[in-house]
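Containing mmCIF, C-alpha atoms; chains and numbers go by the auth columns: protein08.cif.
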data_input
loop_
_atom_site.group_PDB
_atom_site.id
_atom_site.type_symbol
_atom_site.label_atom_id
_atom_site.label_comp_id
_atom_site.label_asym_id
_atom_site.label_seq_id
_atom_site.Cartn_x
_atom_site.Cartn_y
_atom_site.Cartn_z
_atom_site.B_iso_or_equiv
_atom_site.auth_seq_id
_atom_site.auth_asym_id
ATOM 1 C CA MET A 1 94.932 85.393 113.194 0.00 1 A
ATOM 2 C CA SER A 2 97.461 84.215 110.619 0.00 2 A
ATOM 3 C CA VAL A 3 98.638 86.311 107.715 0.00 3 A
ATOM 4 C CA PRO A 4 97.702 85.317 104.166 0.00 4 A
ATOM 5 C CA GLN A 5 100.692 84.166 102.191 0.00 5 A
ATOM 6 C CA GLY A 6 101.207 87.234 100.015 0.00 6 A
ATOM 7 C CA ARG A 7 101.059 89.770 102.814 0.00 7 A
ATOM 8 C CA ARG A 8 103.248 87.511 104.937 0.00 8 A
ATOM 9 C CA ALA A 9 105.827 87.517 102.155 0.00 9 A
ATOM 10 C CA VAL A 10 105.921 91.288 102.294 0.00 10 A
ATOM 11 C CA LEU A 11 105.856 91.761 106.048 0.00 11 A
ATOM 12 C CA ALA A 12 107.250 88.392 107.118 0.00 12 A
ATOM 13 C CA GLY A 13 104.996 87.758 110.077 0.00 13 A
ATOM 14 C CA MET A 14 102.965 90.877 110.610 0.00 14 A
ATOM 15 C CA LEU A 15 99.450 89.936 111.729 0.00 15 A
ATOM 16 C CA ALA A 16 97.698 93.224 111.037 0.00 16 A
ATOM 17 C CA LEU A 17 98.236 96.894 110.312 0.00 17 A
ATOM 18 C CA THR A 18 96.019 98.772 112.721 0.00 18 A
ATOM 19 C CA GLY A 19 95.738 102.241 114.183 0.00 19 A
ATOM 20 C CA ALA A 20 93.584 103.681 116.934 0.00 20 A
ATOM 21 C CA ALA A 21 94.923 107.231 117.006 0.00 21 A
ATOM 22 C CA LEU A 22 92.416 109.929 117.844 0.00 22 A
ATOM 23 C CA THR A 23 94.490 113.109 117.973 0.00 23 A
ATOM 24 C CA ALA A 24 97.618 114.313 116.259 0.00 24 A
ATOM 25 C CA GLY A 25 101.033 115.619 117.219 0.00 25 A
ATOM 26 C CA ALA A 26 102.592 113.815 120.167 0.00 26 A
ATOM 27 C CA ALA A 27 105.067 115.911 122.124 0.00 27 A
ATOM 28 C CA PRO A 28 108.263 114.213 123.278 0.00 28 A
ATOM 29 C CA LEU A 29 107.997 112.781 126.772 0.00 29 A
ATOM 30 C CA PRO A 30 110.568 113.948 129.309 0.00 30 A
ATOM 31 C CA GLU A 31 110.814 110.399 130.652 0.00 31 A
ATOM 32 C CA GLY A 32 109.216 107.037 130.013 0.00 32 A
ATOM 33 C CA PRO A 33 106.521 105.087 131.845 0.00 33 A
ATOM 34 C CA TRP A 34 109.136 102.798 133.390 0.00 34 A
ATOM 35 C CA PRO A 35 111.530 103.855 136.188 0.00 35 A
ATOM 36 C CA ASP A 36 114.154 101.500 134.762 0.00 36 A
ATOM 37 C CA GLY A 37 113.437 102.314 131.107 0.00 37 A
ATOM 38 C CA THR A 38 116.010 103.368 128.520 0.00 38 A
ATOM 39 C CA VAL A 39 115.398 106.583 126.577 0.00 39 A
ATOM 40 C CA ILE A 40 116.812 107.498 123.173 0.00 40 A
ATOM 41 C CA ARG A 41 115.971 111.075 122.379 0.00 41 A
ATOM 42 C CA GLY A 42 116.383 112.482 118.883 0.00 42 A
ATOM 43 C CA GLY A 43 115.790 116.018 117.734 0.00 43 A
ATOM 44 C CA HIS A 44 112.199 115.221 116.749 0.00 44 A
ATOM 45 C CA TYR A 45 111.367 111.914 118.408 0.00 45 A
ATOM 46 C CA VAL A 46 111.675 109.882 121.604 0.00 46 A
ATOM 47 C CA VAL A 47 112.066 106.110 121.739 0.00 47 A
ATOM 48 C CA ILE A 48 111.693 104.458 125.131 0.00 48 A
ATOM 49 C CA GLY A 49 112.370 100.810 125.902 0.00 49 A
ATOM 50 C CA HIS A 50 111.761 98.606 128.897 0.00 50 A
ATOM 51 C CA ARG A 51 114.307 95.833 129.363 0.00 51 A
ATOM 52 C CA VAL A 52 114.974 95.809 125.626 0.00 52 A
ATOM 53 C CA PRO A 53 118.513 95.246 124.332 0.00 53 A
ATOM 54 C CA LEU A 54 120.136 98.569 123.551 0.00 54 A
ATOM 55 C CA ALA A 55 120.952 97.464 120.000 0.00 55 A
ATOM 56 C CA SER A 56 117.281 96.699 119.338 0.00 56 A
ATOM 57 C CA LEU A 57 116.207 100.026 120.788 0.00 57 A
ATOM 58 C CA ALA A 58 118.823 101.895 118.753 0.00 58 A
ATOM 59 C CA ASP A 59 117.631 100.154 115.600 0.00 59 A
ATOM 60 C CA LEU A 60 114.058 101.192 116.371 0.00 60 A
ATOM 61 C CA ALA A 61 115.225 104.775 116.894 0.00 61 A
ATOM 62 C CA VAL A 62 116.811 104.820 113.437 0.00 62 A
ATOM 63 C CA ARG A 63 113.619 103.446 111.907 0.00 63 A
ATOM 64 C CA THR A 64 111.498 105.933 113.838 0.00 64 A
ATOM 65 C CA ASP A 65 113.515 108.871 112.579 0.00 65 A
ATOM 66 C CA ARG A 66 113.363 107.521 109.022 0.00 66 A
ATOM 67 C CA ALA A 67 109.607 106.955 109.274 0.00 67 A
ATOM 68 C CA ARG A 68 109.123 110.414 110.747 0.00 68 A
ATOM 69 C CA ARG A 69 110.766 111.907 107.687 0.00 69 A
ATOM 70 C CA VAL A 70 108.584 109.834 105.349 0.00 70 A
ATOM 71 C CA VAL A 71 105.425 110.977 107.128 0.00 71 A
ATOM 72 C CA ALA A 72 106.591 114.588 107.154 0.00 72 A
ATOM 73 C CA ALA A 73 107.300 114.567 103.417 0.00 73 A
ATOM 74 C CA ILE A 74 103.747 113.472 102.595 0.00 74 A
ATOM 75 C CA TRP A 75 101.549 114.665 105.452 0.00 75 A
ATOM 76 C CA GLY A 76 103.503 117.081 107.605 0.00 76 A
ATOM 77 C CA PRO A 77 105.594 117.152 110.792 0.00 77 A
ATOM 78 C CA VAL A 78 105.111 114.560 113.504 0.00 78 A
ATOM 79 C CA ARG A 79 107.047 114.370 116.772 0.00 79 A
ATOM 80 C CA PRO A 80 106.557 110.753 117.749 0.00 80 A
ATOM 81 C CA VAL A 81 106.966 108.907 120.991 0.00 81 A
ATOM 82 C CA VAL A 82 107.562 105.189 120.425 0.00 82 A
ATOM 83 C CA LEU A 83 107.430 102.708 123.297 0.00 83 A
ATOM 84 C CA PHE A 84 109.136 99.314 123.138 0.00 84 A
ATOM 85 C CA PRO A 85 107.940 97.242 126.139 0.00 85 A
ATOM 86 C CA GLU A 86 109.410 93.959 127.265 0.00 86 A
ATOM 87 C CA THR A 87 106.289 91.856 126.621 0.00 87 A
ATOM 88 C CA ASP A 88 103.084 91.884 124.593 0.00 88 A
ATOM 89 C CA ALA A 89 101.081 91.899 127.816 0.00 89 A
ATOM 90 C CA GLU A 90 102.866 95.052 128.895 0.00 90 A
ATOM 91 C CA ALA A 91 102.122 96.603 125.500 0.00 91 A
ATOM 92 C CA GLY A 92 98.440 95.755 125.832 0.00 92 A
ATOM 93 C CA ALA A 93 98.329 97.331 129.280 0.00 93 A
ATOM 94 C CA LEU A 94 99.967 100.516 127.957 0.00 94 A
ATOM 95 C CA ALA A 95 97.477 100.702 125.110 0.00 95 A
ATOM 96 C CA GLY A 96 94.540 99.909 127.353 0.00 96 A
ATOM 97 C CA THR A 97 93.457 97.159 124.992 0.00 97 A
ATOM 98 C CA GLY A 98 94.455 94.052 126.925 0.00 98 A
ATOM 99 C CA ALA A 99 94.832 91.322 124.306 0.00 99 A
ATOM 100 C CA THR A 100 96.750 92.457 121.249 0.00 100 A
ATOM 101 C CA GLY A 101 96.234 89.462 118.969 0.00 101 A
ATOM 102 C CA GLY A 102 99.828 89.230 117.802 0.00 102 A
ATOM 103 C CA LEU A 103 100.010 92.695 116.243 0.00 103 A
ATOM 104 C CA ALA A 104 103.411 94.107 115.369 0.00 104 A
ATOM 105 C CA ALA A 105 102.622 97.652 116.565 0.00 105 A
ATOM 106 C CA LEU A 106 99.674 99.881 117.287 0.00 106 A
ATOM 107 C CA ALA A 107 98.993 103.579 117.640 0.00 107 A
ATOM 108 C CA THR A 108 97.217 105.250 120.539 0.00 108 A
ATOM 109 C CA ALA A 109 96.193 108.893 120.596 0.00 109 A
ATOM 110 C CA ASP A 110 99.722 110.196 120.950 0.00 110 A
ATOM 111 C CA ARG A 111 102.264 107.400 120.590 0.00 111 A
ATOM 112 C CA VAL A 112 103.203 104.148 118.907 0.00 112 A
ATOM 113 C CA ILE A 113 103.575 100.979 120.961 0.00 113 A
ATOM 114 C CA VAL A 114 105.634 98.083 119.612 0.00 114 A
ATOM 115 C CA LEU A 115 104.396 94.536 120.200 0.00 115 A
ATOM 116 C CA PRO A 116 107.630 92.576 120.782 0.00 116 A
ATOM 117 C CA SER A 117 106.575 89.153 119.466 0.00 117 A
ATOM 118 C CA GLY A 118 104.915 90.427 116.294 0.00 118 A
ATOM 119 C CA TYR A 119 107.599 93.004 115.610 0.00 119 A
ATOM 120 C CA ALA A 120 110.332 90.363 115.911 0.00 120 A
ATOM 121 C CA LYS A 121 108.769 88.404 113.046 0.00 121 A
ATOM 122 C CA LEU A 122 108.856 91.280 110.577 0.00 122 A
ATOM 123 C CA SER A 123 111.298 91.610 107.711 0.00 123 A
ATOM 124 C CA GLU A 124 113.559 94.667 107.609 0.00 124 A
ATOM 125 C CA THR A 125 111.228 96.305 105.090 0.00 125 A
ATOM 126 C CA GLY A 126 108.205 95.205 107.095 0.00 126 A
ATOM 127 C CA ARG A 127 109.472 96.998 110.193 0.00 127 A
ATOM 128 C CA ASP A 128 109.902 100.231 108.257 0.00 128 A
ATOM 129 C CA VAL A 129 106.420 99.897 106.758 0.00 129 A
ATOM 130 C CA VAL A 130 104.803 99.233 110.131 0.00 130 A
ATOM 131 C CA ILE A 131 106.466 102.111 111.965 0.00 131 A
ATOM 132 C CA ALA A 132 105.658 104.578 109.176 0.00 132 A
ATOM 133 C CA HIS A 133 102.070 103.266 109.023 0.00 133 A
ATOM 134 C CA GLU A 134 101.527 103.754 112.743 0.00 134 A
ATOM 135 C CA LEU A 135 103.237 107.160 112.824 0.00 135 A
ATOM 136 C CA THR A 136 100.846 108.199 110.067 0.00 136 A
ATOM 137 C CA HIS A 137 97.927 107.297 112.311 0.00 137 A
ATOM 138 C CA VAL A 138 99.366 109.462 115.083 0.00 138 A
ATOM 139 C CA ALA A 139 100.062 112.369 112.721 0.00 139 A
ATOM 140 C CA THR A 140 96.653 112.335 111.038 0.00 140 A
ATOM 141 C CA GLY A 141 94.532 111.562 114.044 0.00 141 A
ATOM 142 C CA ALA A 142 93.437 108.340 112.311 0.00 142 A
ATOM 143 C CA THR A 143 89.665 108.267 111.894 0.00 143 A
ATOM 144 C CA ARG A 144 89.138 111.624 113.642 0.00 144 A
ATOM 145 C CA GLY A 145 86.206 110.362 115.637 0.00 145 A
ATOM 146 C CA GLY A 146 84.662 108.509 112.719 0.00 146 A
ATOM 147 C CA ARG A 147 84.770 111.441 110.294 0.00 147 A
ATOM 148 C CA VAL A 148 87.295 109.687 108.031 0.00 148 A
ATOM 149 C CA PRO A 149 86.210 106.460 106.291 0.00 149 A
ATOM 150 C CA MET A 150 88.255 103.487 107.434 0.00 150 A
ATOM 151 C CA TRP A 151 89.343 102.694 103.890 0.00 151 A
ATOM 152 C CA LEU A 152 90.912 106.151 103.720 0.00 152 A
ATOM 153 C CA SER A 153 92.453 105.999 107.201 0.00 153 A
ATOM 154 C CA GLU A 154 94.050 102.588 106.674 0.00 154 A
ATOM 155 C CA GLY A 155 94.735 103.059 102.977 0.00 155 A
ATOM 156 C CA PHE A 156 96.513 106.356 103.545 0.00 156 A
ATOM 157 C CA ALA A 157 98.607 104.901 106.367 0.00 157 A
ATOM 158 C CA ASP A 158 99.634 102.084 104.028 0.00 158 A
ATOM 159 C CA TYR A 159 100.245 104.580 101.228 0.00 159 A
ATOM 160 C CA VAL A 160 102.728 106.424 103.437 0.00 160 A
ATOM 161 C CA GLY A 161 104.144 103.212 104.890 0.00 161 A
ATOM 162 C CA TYR A 162 104.889 101.642 101.520 0.00 162 A
ATOM 163 C CA SER A 163 106.158 104.827 99.872 0.00 163 A
ATOM 164 C CA GLY A 164 109.782 104.412 98.938 0.00 164 A
ATOM 165 C CA SER A 165 109.769 100.712 99.853 0.00 165 A
ATOM 166 C CA GLY A 166 110.479 99.640 96.286 0.00 166 A
ATOM 167 C CA LEU A 167 107.972 96.799 96.572 0.00 167 A
ATOM 168 C CA ALA A 168 105.986 95.937 93.464 0.00 168 A
ATOM 169 C CA VAL A 169 102.232 96.480 93.521 0.00 169 A
ATOM 170 C CA ARG A 170 101.560 92.800 92.891 0.00 170 A
ATOM 171 C CA THR A 171 103.813 91.863 95.793 0.00 171 A
ATOM 172 C CA VAL A 172 102.047 94.123 98.263 0.00 172 A
ATOM 173 C CA ALA A 173 98.576 93.263 96.959 0.00 173 A
ATOM 174 C CA ALA A 174 99.160 89.581 96.262 0.00 174 A
ATOM 175 C CA GLU A 175 95.841 88.304 97.629 0.00 175 A
ATOM 176 C CA LEU A 176 93.779 90.915 95.805 0.00 176 A
ATOM 177 C CA ALA A 177 95.814 90.467 92.614 0.00 177 A
ATOM 178 C CA ALA A 178 94.944 86.763 92.585 0.00 178 A
ATOM 179 C CA GLU A 179 91.249 87.591 92.807 0.00 179 A
ATOM 180 C CA VAL A 180 91.333 90.298 90.155 0.00 180 A
ATOM 181 C CA ALA A 181 93.383 88.138 87.799 0.00 181 A
ATOM 182 C CA ALA A 182 90.639 85.526 88.151 0.00 182 A
ATOM 183 C CA GLY A 183 88.056 88.108 87.120 0.00 183 A
ATOM 184 C CA VAL A 184 86.693 88.871 90.588 0.00 184 A
ATOM 185 C CA LEU A 185 86.600 92.617 91.279 0.00 185 A
ATOM 186 C CA PRO A 186 85.349 94.184 94.515 0.00 186 A
ATOM 187 C CA ASP A 187 82.155 96.131 93.946 0.00 187 A
ATOM 188 C CA ARG A 188 82.610 98.546 96.846 0.00 188 A
ATOM 189 C CA LEU A 189 85.284 100.099 98.989 0.00 189 A
ATOM 190 C CA PRO A 190 86.002 98.185 102.216 0.00 190 A
ATOM 191 C CA GLY A 191 84.104 99.223 105.330 0.00 191 A
ATOM 192 C CA PRO A 192 84.782 98.851 109.066 0.00 192 A
ATOM 193 C CA ALA A 193 83.642 95.222 109.200 0.00 193 A
ATOM 194 C CA ASP A 194 86.158 94.300 106.507 0.00 194 A
ATOM 195 C CA PHE A 195 89.002 95.485 108.768 0.00 195 A
ATOM 196 C CA ALA A 196 87.820 93.595 111.840 0.00 196 A
ATOM 197 C CA PRO A 197 90.278 91.032 113.257 0.00 197 A
ATOM 198 C CA GLY A 198 89.513 87.657 111.757 0.00 198 A
ATOM 199 C CA ALA A 199 87.627 89.060 108.766 0.00 199 A
ATOM 200 C CA ALA A 200 87.723 86.597 105.872 0.00 200 A
ATOM 201 C CA ARG A 201 89.266 89.103 103.441 0.00 201 A
ATOM 202 C CA LEU A 202 91.286 91.211 105.869 0.00 202 A
ATOM 203 C CA ALA A 203 94.414 91.278 103.698 0.00 203 A
ATOM 204 C CA GLN A 204 92.357 92.187 100.635 0.00 204 A
ATOM 205 C CA ALA A 205 90.650 95.002 102.560 0.00 205 A
ATOM 206 C CA TYR A 206 93.987 96.641 103.315 0.00 206 A
ATOM 207 C CA GLU A 207 95.115 96.120 99.730 0.00 207 A
ATOM 208 C CA GLU A 208 91.895 97.593 98.335 0.00 208 A
ATOM 209 C CA ALA A 209 92.233 100.626 100.599 0.00 209 A
ATOM 210 C CA TRP A 210 95.910 101.105 99.732 0.00 210 A
ATOM 211 C CA LEU A 211 95.174 100.928 96.009 0.00 211 A
ATOM 212 C CA ALA A 212 92.288 103.375 96.381 0.00 212 A
ATOM 213 C CA CYS A 213 94.740 105.890 97.825 0.00 213 A
ATOM 214 C CA ARG A 214 97.296 105.141 95.102 0.00 214 A
ATOM 215 C CA TYR A 215 94.552 105.713 92.537 0.00 215 A
ATOM 216 C CA VAL A 216 93.795 109.150 93.981 0.00 216 A
ATOM 217 C CA ALA A 217 97.482 110.093 94.154 0.00 217 A
ATOM 218 C CA GLU A 218 98.203 108.991 90.593 0.00 218 A
ATOM 219 C CA ARG A 219 95.095 110.511 88.999 0.00 219 A
ATOM 220 C CA PHE A 220 94.719 113.693 91.057 0.00 220 A
ATOM 221 C CA GLY A 221 98.101 114.142 92.751 0.00 221 A
ATOM 222 C CA GLU A 222 99.479 113.372 96.180 0.00 222 A
ATOM 223 C CA ARG A 223 98.505 116.767 97.587 0.00 223 A
ATOM 224 C CA THR A 224 94.921 116.066 96.611 0.00 224 A
ATOM 225 C CA LEU A 225 95.080 112.736 98.429 0.00 225 A
ATOM 226 C CA VAL A 226 96.177 114.608 101.551 0.00 226 A
ATOM 227 C CA ARG A 227 93.302 117.087 101.144 0.00 227 A
ATOM 228 C CA LEU A 228 90.871 114.201 100.766 0.00 228 A
ATOM 229 C CA TYR A 229 91.597 113.278 104.392 0.00 229 A
ATOM 230 C CA GLY A 230 89.630 116.338 105.481 0.00 230 A
ATOM 231 C CA GLY A 231 86.946 116.205 102.830 0.00 231 A
ATOM 232 C CA ASP A 232 85.074 113.830 100.563 0.00 232 A
ATOM 233 C CA VAL A 233 85.309 112.586 96.985 0.00 233 A
ATOM 234 C CA GLY A 234 82.621 115.005 95.857 0.00 234 A
ATOM 235 C CA THR A 235 84.110 118.249 97.121 0.00 235 A
ATOM 236 C CA VAL A 236 87.777 117.295 96.721 0.00 236 A
ATOM 237 C CA LEU A 237 87.755 115.132 93.588 0.00 237 A
ATOM 238 C CA GLY A 238 84.604 116.342 91.880 0.00 238 A
ATOM 239 C CA LEU A 239 83.279 112.784 91.617 0.00 239 A
ATOM 240 C CA THR A 240 80.183 111.063 92.872 0.00 240 A
ATOM 241 C CA PRO A 241 80.790 108.021 95.086 0.00 241 A
ATOM 242 C CA ALA A 242 79.705 105.805 92.196 0.00 242 A
ATOM 243 C CA GLU A 243 82.134 107.513 89.797 0.00 243 A
ATOM 244 C CA PHE A 244 84.956 107.191 92.301 0.00 244 A
ATOM 245 C CA THR A 245 84.245 103.501 92.828 0.00 245 A
ATOM 246 C CA ALA A 246 84.129 102.889 89.074 0.00 246 A
ATOM 247 C CA GLY A 247 87.454 104.668 88.574 0.00 247 A
ATOM 248 C CA TRP A 248 89.032 102.694 91.404 0.00 248 A
ATOM 249 C CA ARG A 249 87.812 99.398 89.941 0.00 249 A
ATOM 250 C CA ASP A 250 89.265 100.325 86.551 0.00 250 A
ATOM 251 C CA TYR A 251 92.538 101.129 88.306 0.00 251 A
ATOM 252 C CA LEU A 252 92.552 97.695 89.936 0.00 252 A
ATOM 253 C CA ARG A 253 92.094 96.061 86.546 0.00 253 A
ATOM 254 C CA LYS A 254 94.993 98.018 85.128 0.00 254 A
ATOM 255 C CA GLU A 255 97.375 97.545 88.051 0.00 255 A
ATOM 256 C CA ILE A 256 96.773 93.961 89.122 0.00 256 A
ATOM 257 C CA GLY A 257 94.322 92.392 86.641 0.00 257 A
#
In structure tokens, how does this file's structure come out?
Amino acid sequence: MSVPQGRRAVLAGMLALTGAALTAGAAPLPEGPWPDGTVIRGGHYVVIGHRVPLASLADLAVRTDRARRVVAAIWGPVRPVVLFPETDAEAGALAGTGATGGLAALATADRVIVLPSGYAKLSETGRDVVIAHELTHVATGATRGGRVPMWLSEGFADYVGYSGSGLAVRTVAAELAAEVAAGVLPDRLPGPADFAPGAARLAQAYEEAWLACRYVAERFGERTLVRLYGGDVGTVLGLTPAEFTAGWRDYLRKEIG
């Protein structure tokens, strides 16, 4: 799958932001999955590479520590393990997914796995966004067995990933902004099918989800957005689903219309 132009401009080659984490709180590994691997161990993280240049691994370690702090400031502590394999095939084997479709990184239940070819295409900002996004999936437990809507899981991971990036809303949400500016507003929040690889509006789905989380944070506060991860719009926000959707659509008009 290729990246639509706007999202490619932001992430410079990232093919998707995905997460498959099921549980939270990875503990640092004493050693990596490779006998000849290189380990960089920080106070709160472990980065392990397999036949990766030391400079590249050290750069990833810096980004991991920075992303860990971003996640901690919004969600809470996370002690990540990040693996940097030599090839995409090796990454797919580690994740148990086989084909990886050119992703830049993905999250399993307790670690982040970098996809070398996709990661190499990212901009400097894109790499920071991706690592923070995936660490968020590990910290939150992603969809928690289906109990968290995918728009909230992916939107919140993007919310954390883009926080502090300095990127303009219209830059991040370029595809959706073009639609809204043309008078076409989504009438519902994106569902699982909208996030499927190859979906016609995949970029817009991520942008819609991200802006839904920004809407909650700006109207109700960031702490309320965090609480929403364990609840629903009725109990946490005091809104019906229809009221929430209407407020989100108004927010889209204001931000990118």
So how many Å separate CA of Val216 in chain A and CA of Val180 in chain A, to one decimal?
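Between CA of Val216 in chain A and CA of Val180 in chain A the gap works out to 19.4 Å.
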Mind pulling up the distance from CA of Arg201 in chain A to CA of Ala168 in chain A?
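Answer for the CA of Ala168 in chain A to CA of Arg201 in chain A separation: 20.6 Å.
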Between A:Ala95, A:Ala212, A:Ala196, A:Ala139, which has the minimum distance to Leu228 in chain A (counting only C-alpha atoms)?
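Between A:Ala95, A:Ala212, A:Ala196, A:Ala139, the residue approaching Leu228 in chain A most closely is A:Ala212.
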Quick one: apply the PyMOL selection byres ((chain A and resi 51) around 7) to the file and drop the selected residues here as a compact mmCIF listing (two decimals) with C-alpha atoms, in the frame of the given file.
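part06.txt, freshly written:
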# COMPACT_ATOMS: atom_id res chain seq x y z
CA GLY A 37 113.44 102.31 131.11
CA GLY A 49 112.37 100.81 125.90
CA HIS A 50 111.76 98.61 128.90
CA VAL A 52 114.97 95.81 125.63
CA PRO A 53 118.51 95.25 124.33
CA GLU A 86 109.41 93.96 127.26
Here CA of Ala177 in chain A and CA of Ala104 in chain A stand apart by 24.3 Å
Give me the residues near range 129-133 of chain A as an MDAnalysis selection string, where near means some atom within 8 Å (using all atoms listed in the file) and where sequence neighbours in that chain fewer than 6 positions away do not count.
chainID A and resid 17 63:64 67:68 70:71 104:105 112 157:158 160:162 165
How would you write, as a list in words, the residues chosen by the PyMOL selection byres ((chain A and resi 224) around 12) on this structure?
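Matching residues under the PyMOL selection byres ((chain A and resi 224) around 12) are Ile74, Trp75, Cys213, Arg214, Tyr215, Val216, Ala217, Glu218, Arg219, Phe220, Gly221, Glu222, Arg223, Leu225, Val226, Arg227, Leu228, Tyr229, Gly230, Gly231, Asp232, Val233, Thr235, Val236, Leu237 and Gly238 of chain A.
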Contacts of Ala181 in chain A at 12 Å or less, counting only C-alpha atoms, minus same-chain residues fewer than 6 places along, as a PyMOL selection string?
chain A and resi 170+173-175+252-257
Filtering to C-alpha atoms, could range 56-103 of chain A of the supplied structure be written out as a compact mmCIF listing (two decimals), in the first residue's frame?
# COMPACT_ATOMS: atom_id res chain seq x y z
CA SER A 56 21.42 3.54 13.92
CA LEU A 57 20.74 1.58 17.09
CA ALA A 58 21.98 4.44 19.27
CA ASP A 59 19.72 6.86 17.41
CA LEU A 60 16.76 4.55 18.00
CA ALA A 61 17.64 4.38 21.70
CA VAL A 62 17.53 8.18 21.95
CA ARG A 63 14.16 8.24 20.20
CA THR A 64 12.85 5.44 22.40
CA ASP A 65 13.78 7.28 25.57
CA ARG A 66 12.23 10.49 24.23
CA ALA A 67 9.05 8.66 23.21
CA ARG A 68 8.89 6.93 26.58
CA ARG A 69 8.85 10.31 28.27
CA VAL A 70 6.11 11.58 25.96
CA VAL A 71 3.95 8.54 26.70
CA ALA A 72 4.61 8.82 30.43
CA ALA A 73 3.60 12.49 30.51
CA ILE A 74 0.19 11.75 28.99
CA TRP A 75 -0.65 8.15 29.89
CA GLY A 76 1.78 6.93 32.52
CA PRO A 77 5.04 4.97 32.83
CA VAL A 78 6.07 2.47 30.19
CA ARG A 79 9.26 0.39 30.22
CA PRO A 80 9.64 -0.50 26.57
CA VAL A 81 11.62 -3.13 24.77
CA VAL A 82 12.31 -2.14 21.16
CA LEU A 83 13.72 -4.64 18.67
CA PHE A 84 15.53 -3.56 15.51
CA PRO A 85 16.01 -6.66 13.29
CA GLU A 86 18.17 -6.84 10.21
CA THR A 87 15.32 -7.50 7.74
CA ASP A 88 11.57 -7.07 7.39
CA ALA A 89 11.20 -10.84 7.14
CA GLU A 90 12.92 -11.22 10.49
CA ALA A 91 10.60 -8.58 11.95
CA GLY A 92 7.55 -10.43 10.66
CA ALA A 93 8.80 -13.67 12.19
CA LEU A 94 9.34 -11.95 15.56
CA ALA A 95 5.85 -10.48 15.45
CA GLY A 96 4.29 -13.73 14.30
CA THR A 97 2.59 -11.92 11.45
CA GLY A 98 4.66 -13.05 8.47
CA ALA A 99 4.14 -10.37 5.82
CA THR A 100 4.39 -6.85 7.20
CA GLY A 101 3.26 -4.86 4.17
CA GLY A 102 5.98 -2.23 4.38
CA LEU A 103 5.08 -0.95 7.85
